[in-house]
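As stored in target18.cif (mmCIF, C-alpha atoms and all ligand atoms):
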data_data
loop_
_atom_site.group_PDB
_atom_site.id
_atom_site.type_symbol
_atom_site.label_atom_id
_atom_site.label_comp_id
_atom_site.auth_asym_id
_atom_site.auth_seq_id
_atom_site.Cartn_x
_atom_site.Cartn_y
_atom_site.Cartn_z
ATOM 1 C CA MET B 8 192.730 85.889 23.923
ATOM 2 C CA ILE B 9 194.537 86.758 20.686
ATOM 3 C CA LYS B 10 194.144 84.160 17.980
ATOM 4 C CA ILE B 11 196.713 83.864 15.207
ATOM 5 C CA LEU B 12 195.064 82.907 11.922
ATOM 6 C CA ALA B 13 198.186 82.910 9.749
ATOM 7 C CA ARG B 14 201.861 83.749 9.736
ATOM 8 C CA ILE B 15 203.535 85.686 6.964
ATOM 9 C CA PRO B 16 205.371 84.438 4.942
ATOM 10 C CA ASP B 17 204.888 80.806 6.204
ATOM 11 C CA ASP B 18 201.191 80.714 5.345
ATOM 12 C CA ASN B 19 201.315 82.813 2.189
ATOM 13 C CA GLY B 20 198.723 81.579 -0.278
ATOM 14 C CA LYS B 21 196.398 80.327 2.495
ATOM 15 C CA VAL B 22 192.792 81.501 2.111
ATOM 16 C CA ILE B 23 190.993 82.764 5.222
ATOM 17 C CA ARG B 24 187.220 83.097 5.232
ATOM 18 C CA PHE B 25 186.065 85.714 7.683
ATOM 19 C CA SER B 26 182.399 86.049 6.782
ATOM 20 C CA ASN B 27 179.960 84.357 4.449
ATOM 21 C CA THR B 28 181.043 86.472 1.522
ATOM 22 C CA ALA B 29 184.453 87.823 2.476
ATOM 23 C CA ARG B 30 187.792 86.083 2.323
ATOM 24 C CA MET B 31 191.436 86.996 2.102
ATOM 25 C CA THR B 32 194.491 85.332 0.677
ATOM 26 C CA VAL B 33 197.497 85.542 2.969
ATOM 27 C CA GLY B 34 200.418 87.369 1.374
ATOM 28 C CA PRO B 35 202.814 90.257 1.930
ATOM 29 C CA GLU B 36 200.933 93.188 3.512
ATOM 30 C CA PRO B 37 201.734 96.336 5.472
ATOM 31 C CA CYS B 38 201.014 96.250 9.238
ATOM 32 C CA ASP B 39 197.636 97.778 10.190
ATOM 33 C CA GLY B 40 199.378 99.581 13.031
ATOM 34 C CA CYS B 41 202.568 101.001 11.554
ATOM 35 C CA GLN B 42 202.859 100.073 7.860
ATOM 36 C CA ALA B 43 205.966 97.888 8.432
ATOM 37 C CA PRO B 44 205.821 94.460 6.707
ATOM 38 C CA ALA B 45 203.214 92.352 8.530
ATOM 39 C CA ALA B 46 204.096 89.030 10.195
ATOM 40 C CA TYR B 47 200.739 87.875 11.571
ATOM 41 C CA VAL B 48 197.065 87.789 10.678
ATOM 42 C CA ILE B 49 195.011 87.764 13.852
ATOM 43 C CA LYS B 50 191.319 87.499 14.580
ATOM 44 C CA GLY B 51 189.948 90.972 15.270
ATOM 45 C CA GLU B 52 186.517 92.135 16.355
ATOM 46 C CA THR B 53 183.958 89.358 16.002
ATOM 47 C CA ASP B 54 180.190 89.634 15.602
ATOM 48 C CA SER B 55 177.415 87.547 14.080
ATOM 49 C CA TYR B 56 178.572 88.453 10.567
ATOM 50 C CA GLY B 57 182.058 87.078 11.117
ATOM 51 C CA PHE B 58 185.295 88.651 12.239
ATOM 52 C CA GLU B 59 187.708 91.287 11.120
ATOM 53 C CA PRO B 60 191.190 90.054 10.167
ATOM 54 C CA VAL B 61 193.984 92.280 11.468
ATOM 55 C CA VAL B 62 197.481 92.130 9.979
ATOM 56 C CA LEU B 63 200.319 93.108 12.283
ATOM 57 C CA CYS B 64 204.113 93.313 12.258
ATOM 58 C CA SER B 65 205.928 91.423 15.036
ATOM 59 C CA SER B 66 206.423 94.470 17.258
ATOM 60 C CA CYS B 67 202.777 95.620 17.032
ATOM 61 C CA TYR B 68 201.733 92.015 17.669
ATOM 62 C CA ALA B 69 203.977 91.805 20.748
ATOM 63 C CA LYS B 70 202.490 95.082 22.016
ATOM 64 C CA MET B 71 198.986 93.699 21.573
ATOM 65 C CA VAL B 72 199.838 90.435 23.364
ATOM 66 C CA LYS B 73 201.215 92.460 26.292
ATOM 67 C CA GLN B 74 198.078 94.627 26.425
ATOM 68 C CA ASP B 75 195.901 91.538 26.325
ATOM 69 C CA GLU B 76 197.885 89.977 29.153
ATOM 70 C CA GLU B 77 197.594 93.164 31.193
ATOM 71 C CA TYR B 78 193.881 93.204 30.606
ATOM 72 C CA MET B 79 193.416 89.572 31.592
ATOM 73 C CA THR B 80 195.531 89.888 34.748
ATOM 74 C CA ALA B 81 194.034 93.335 35.510
ATOM 75 C CA ALA B 82 197.574 94.707 35.775
ATOM 76 C CA ASP B 83 196.099 98.012 34.566
ATOM 77 C CA VAL B 84 193.844 98.184 37.630
ATOM 78 C CA GLU B 85 194.967 99.876 40.810
ATOM 79 C CA ASP B 86 194.934 97.284 43.548
ATOM 80 C CA ARG B 87 193.603 97.484 47.087
ATOM 81 C CA PRO B 88 193.028 94.860 49.757
ATOM 82 C CA GLY B 89 189.518 94.128 50.991
ATOM 83 C CA TRP B 90 186.766 91.553 50.818
ATOM 84 C CA PHE B 91 185.522 90.950 47.315
ATOM 85 C CA ILE B 92 183.290 88.482 45.575
ATOM 86 C CA VAL B 93 182.819 88.045 41.836
ATOM 87 C CA SER B 94 179.563 86.650 40.622
ATOM 88 C CA GLU B 95 180.576 84.177 37.902
ATOM 89 C CA CYS B 96 177.241 83.923 36.203
ATOM 90 C CA THR B 97 173.534 83.922 36.861
ATOM 91 C CA ASN B 98 170.703 82.090 35.191
ATOM 92 C CA TYR B 99 167.788 83.757 33.360
ATOM 93 C CA ASP B 100 166.020 85.202 36.355
ATOM 94 C CA GLY B 101 169.182 86.430 38.025
ATOM 95 C CA HIS B 102 168.980 83.710 40.648
ATOM 96 C CA GLY B 103 171.403 80.897 41.203
ATOM 97 C CA SER B 104 174.555 82.916 40.961
ATOM 98 C CA TRP B 105 177.914 81.291 41.481
ATOM 99 C CA PHE B 106 180.789 83.328 42.738
ATOM 100 C CA ARG B 107 184.409 83.335 43.828
ATOM 101 C CA ALA B 108 185.847 85.216 46.763
ATOM 102 C CA PHE B 109 189.023 87.335 46.716
ATOM 103 C CA THR B 110 190.952 89.498 49.125
ATOM 104 C CA SER B 111 192.442 91.741 46.457
ATOM 105 C CA PHE B 112 190.540 94.012 44.085
ATOM 106 C CA ARG B 113 192.973 93.360 41.224
ATOM 107 C CA SER B 114 192.677 89.589 41.400
ATOM 108 C CA ALA B 115 188.874 89.844 41.621
ATOM 109 C CA GLU B 116 188.869 92.147 38.601
ATOM 110 C CA ALA B 117 191.236 89.805 36.695
ATOM 111 C CA PHE B 118 188.964 86.878 37.422
ATOM 112 C CA LEU B 119 185.917 88.808 36.236
ATOM 113 C CA ARG B 120 187.610 89.723 32.943
ATOM 114 C CA ARG B 121 188.619 86.131 32.311
ATOM 115 C CA ILE B 122 185.168 84.725 33.009
ATOM 116 C CA GLU B 123 183.467 87.434 30.939
ATOM 117 C CA GLU B 124 185.421 86.162 27.966
ATOM 118 C CA LYS B 125 184.610 82.554 28.818
ATOM 119 C CA ALA B 126 180.948 83.185 29.682
ATOM 120 C CA ALA B 127 180.131 85.130 26.523
ATOM 121 C CA PRO B 128 179.262 82.141 24.337
ATOM 122 C CA TRP B 129 177.287 80.270 27.020
ATOM 123 C CA MET B 130 173.625 79.785 26.367
ATOM 124 C CA GLY B 131 171.255 80.614 29.149
ATOM 125 C CA LEU B 132 173.940 81.857 31.467
ATOM 126 C CA TYR B 133 174.768 85.491 31.859
ATOM 127 C CA PRO B 134 177.796 87.142 33.346
ATOM 128 C CA GLY B 135 177.157 87.988 36.947
ATOM 129 C CA ASN B 136 177.016 91.289 38.690
ATOM 130 C CA GLY B 137 180.691 92.141 38.574
ATOM 131 C CA VAL B 138 182.979 92.670 41.493
ATOM 132 C CA GLN B 139 181.194 93.321 44.730
ATOM 133 C CA GLU B 140 183.052 94.657 47.738
ATOM 134 C CA LEU B 141 181.863 93.506 51.123
ATOM 135 C CA ALA B 142 182.250 95.659 54.192
ATOM 136 C CA THR B 143 183.617 93.082 56.582
ATOM 137 C CA GLU B 144 185.470 89.796 56.609
ATOM 138 C CA GLY B 145 182.520 88.302 58.483
ATOM 139 C CA GLU B 146 180.172 89.168 55.653
ATOM 140 C CA TRP B 147 182.642 87.695 53.169
ATOM 141 C CA ARG B 148 183.027 84.462 55.154
ATOM 142 C CA LYS B 149 179.261 84.170 55.420
ATOM 143 C CA CYS B 150 179.011 84.394 51.609
ATOM 144 C CA ILE B 151 181.646 81.701 51.138
ATOM 145 C CA LYS B 152 179.848 79.482 53.633
ATOM 146 C CA GLU B 153 176.503 79.937 51.877
ATOM 147 C CA GLU B 154 178.075 79.235 48.505
ATOM 148 C CA ARG B 155 179.711 76.088 49.856
ATOM 149 C CA GLU B 156 176.473 74.891 51.410
ATOM 150 C CA ALA B 157 174.560 75.525 48.193
ATOM 151 C CA SER B 158 177.058 73.586 46.110
ATOM 152 C CA GLU B 159 177.153 70.774 48.680
ATOM 153 C CA ALA B 160 173.358 70.556 48.567
ATOM 154 C CA GLU B 161 173.483 70.427 44.785
ATOM 155 C CA MET B 162 176.111 67.677 44.877
ATOM 156 C CA LYS B 163 174.060 65.726 47.398
ATOM 157 C CA TRP B 164 170.982 65.961 45.186
ATOM 158 C CA GLU B 165 172.985 64.784 42.171
ATOM 159 C CA MET B 166 174.331 61.818 44.109
ATOM 160 C CA GLU B 167 170.837 60.888 45.283
ATOM 161 C CA GLU B 168 169.558 61.193 41.747
ATOM 162 C CA ARG B 169 172.302 58.833 40.536
ATOM 163 C CA GLU B 170 171.418 56.391 43.314
ATOM 164 C CA ARG B 171 167.730 56.489 42.297
ATOM 165 C CA GLU B 172 168.735 55.796 38.675
ATOM 166 C CA ARG B 173 170.927 52.906 39.798
ATOM 167 C CA GLN B 174 168.120 51.368 41.866
ATOM 168 C CA LYS B 175 165.693 51.659 38.985
ATOM 169 C CA GLU B 176 168.136 49.894 36.675
ATOM 170 C CA GLU B 177 168.706 47.226 39.297
ATOM 171 C CA GLU B 178 164.953 46.633 39.628
ATOM 172 C CA GLU B 179 164.578 46.366 35.884
ATOM 173 C CA ARG B 180 167.403 43.832 35.706
ATOM 174 C CA GLU B 181 165.845 41.853 38.552
ATOM 175 C CA TRP B 182 162.506 41.829 36.748
ATOM 176 C CA GLU B 183 164.170 40.592 33.519
ATOM 177 C CA ARG B 184 165.965 37.893 35.488
ATOM 178 C CA GLN B 185 162.721 36.691 37.073
ATOM 179 C CA LYS B 186 160.983 36.607 33.722
ATOM 180 C CA GLU B 187 163.786 34.500 32.247
ATOM 181 C CA GLU B 188 163.661 32.197 35.253
ATOM 182 C CA GLU B 189 159.904 31.711 34.855
ATOM 183 C CA GLU B 190 160.323 30.946 31.176
ATOM 184 C CA ARG B 191 162.996 28.359 31.911
ATOM 185 C CA GLU B 192 160.782 26.785 34.545
ATOM 186 C CA TRP B 193 157.883 26.674 32.095
ATOM 187 C CA GLU B 194 160.119 25.022 29.462
ATOM 188 C CA ARG B 195 161.324 22.505 32.039
ATOM 189 C CA GLN B 196 157.778 21.549 33.020
ATOM 190 C CA LYS B 197 156.782 21.184 29.377
ATOM 191 C CA GLU B 198 159.821 18.977 28.768
ATOM 192 C CA GLU B 199 158.940 16.846 31.825
ATOM 193 C CA ALA B 200 155.347 16.442 30.677
ATOM 194 C CA ARG B 201 156.527 15.406 27.210
ATOM 195 C CA ARG B 202 158.933 12.840 28.685
ATOM 196 C CA SER B 203 156.278 11.273 30.940
ATOM 197 C CA LEU B 204 154.010 11.064 27.903
ATOM 198 C CA ASP B 205 156.801 9.274 25.954
ATOM 199 C CA VAL B 206 157.219 6.782 28.812
ATOM 200 C CA GLU B 207 153.494 6.022 28.865
ATOM 201 C CA GLN B 208 153.405 5.312 25.136
HETATM 202 ZN ZN ZN K 301 203.349 97.371 13.178
#
Exercise: express the given structure as structure tokens:
Amino acid sequence: MIKILARIPDDNGKVIRFSNTARMTVGPEPCDGCQAPAAYVIKGETDSYGFEPVVLCSSCYAKMVKQDEEYMTAADVEDRPGWFIVSECTNYDGHGSWFRAFTSFRSAEAFLRRIEEKAAPWMGLYPGNGVQELATEGEWRKCIKEEREASEAEMKWEMEERERERQKEEEEREWERQKEEEEREWERQKEEARRSLDVEQ
């Protein structure tokens, strides 16, 4: 996804920090693509040191937005029908993969590209094994069924866990209530004993 950091000339004078030591002040600049007057500063390649600012004129920017859109929708990929699954992500050991099923290669590919972008910053989760084509619809349906069963089992476990938590809280409240009740009873008996003593005197 293309991120606009500043618009020229609206944001002229604005200071953009793009690494610990580097910064730029927005102002009139030639386009990085064609030397025409730039209209946008966008976030370029990013790594652990920071990112590269890219200045672009409106037509180069529009071209880049279109390319980005094509990439994300996989419009640049030749399509074919079939039975495809995309593994969304896996955990450390490669187990526990989640996936989505598609009947078109282009839509599977588009989904993969979108999740790769989304999955990149996740900790402990790694992008899955890409687009996998299955030979038959039966195989594909079996995968969907297994995925559904796995997620249903996970949901069931979560619900049971919540129920266990609820019961524990309930028990604790009940125990508190009983303790309070006992204390009140103790106070009442003390009060009674004191009164009967008063009467005797
Ligand atoms: Zn340009």
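Those residues returned by the PyMOL selection byres (((not hetatm)) within 8 of (chain K and resi 301)) for this file are Pro37, Cys38, Asp39, Gly40, Cys41, Gln42, Ala43, Pro44, Ala45, Leu63, Cys64, Ser65, Ser66, Cys67 and Tyr68 of chain B.
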Take the residues just selected and output them with C-alpha atoms as a short mmCIF file (atom, residue, chain, number, x, y, z; two decimals), in the coordinates of the input.
data_model
loop_
_atom_site.label_atom_id
_atom_site.label_comp_id
_atom_site.auth_asym_id
_atom_site.auth_seq_id
_atom_site.Cartn_x
_atom_site.Cartn_y
_atom_site.Cartn_z
CA PRO B 37 201.73 96.34 5.47
CA CYS B 38 201.01 96.25 9.24
CA ASP B 39 197.64 97.78 10.19
CA GLY B 40 199.38 99.58 13.03
CA CYS B 41 202.57 101.00 11.55
CA GLN B 42 202.86 100.07 7.86
CA ALA B 43 205.97 97.89 8.43
CA PRO B 44 205.82 94.46 6.71
CA ALA B 45 203.21 92.35 8.53
CA LEU B 63 200.32 93.11 12.28
CA CYS B 64 204.11 93.31 12.26
CA SER B 65 205.93 91.42 15.04
CA SER B 66 206.42 94.47 17.26
CA CYS B 67 202.78 95.62 17.03
CA TYR B 68 201.73 92.02 17.67
#
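With all atoms listed in the file as the atoms that count, the minimum distance from Gln139 (chain B) to the choices B:Arg120, B:Arg107, B:Arg171, B:Lys163 is reached by B:Arg107.
Take the candidates B:Ala108, B:Val138, B:Ser55, B:Glu198 and check each one against Asn27 (chain B) using all atoms listed in the file; the shortest distance goes to B:Ser55.
Rounded to one decimal, CA of Thr110 (chain B) and CA of Gly89 (chain B) lie 5.2 Å from each other.
From CA of Glu188 (chain B) back to CA of Glu207 (chain B), the distance works out to 28.8 Å.
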The PyMOL selection byres (((chain B and resi 17) around 12) and not hetatm) applied to the shown file, residues as number ranges by chain: B: 12-16, 18-21, 33-35, 45-48
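Candidate residues B:Phe25, B:Trp182, B:Ile151, B:Ser158 were compared for distance to Asp54 (chain B), and the nearest is B:Phe25, using only C-alpha atoms.
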Spatial neighbours of Phe58 (chain B), max dist 9 Å, all atoms listed in the file, sep filter under 6 positions, as a PyMOL selection string: chain B and resi 25-26+50-52
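CA of Gly145 (chain B) is positioned 29.2 Å from CA of Asp83 (chain B).
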Which residue of B:Ala115, B:Met8, B:Leu204, B:Val72 approaches Glu85 (chain B) most closely, using all atoms listed in the file: B:Ala115
Could you give me the centre and size, in Å to one decimal, of an axis-aligned box around all listed atoms of region 63-69 of chain B with 8 Å added on every side, as JSON?
{"center_x": 203.4, "center_y": 93.5, "center_z": 16.5, "size_x": 22.1, "size_y": 20.2, "size_z": 24.5}
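Excluding Ser111 (chain B) itself and same-chain residues fewer than 5 positions from it, the residues having an atom within 12 Å of it are Ala81, Val84, Glu85, Asp86, Arg87, Pro88, Gly89, Trp90, Phe91, Ile92, Val93, Glu116, Ala117, Phe118, Val138, Gln139, Glu140 and Leu141 of chain B, counting all atoms listed in the file.
Compared by their closest atoms to Arg148 (chain B), and using only C-alpha atoms, the residues B:Tyr78, B:Arg121, B:Phe109, B:Glu176 rank with B:Phe109 nearest.
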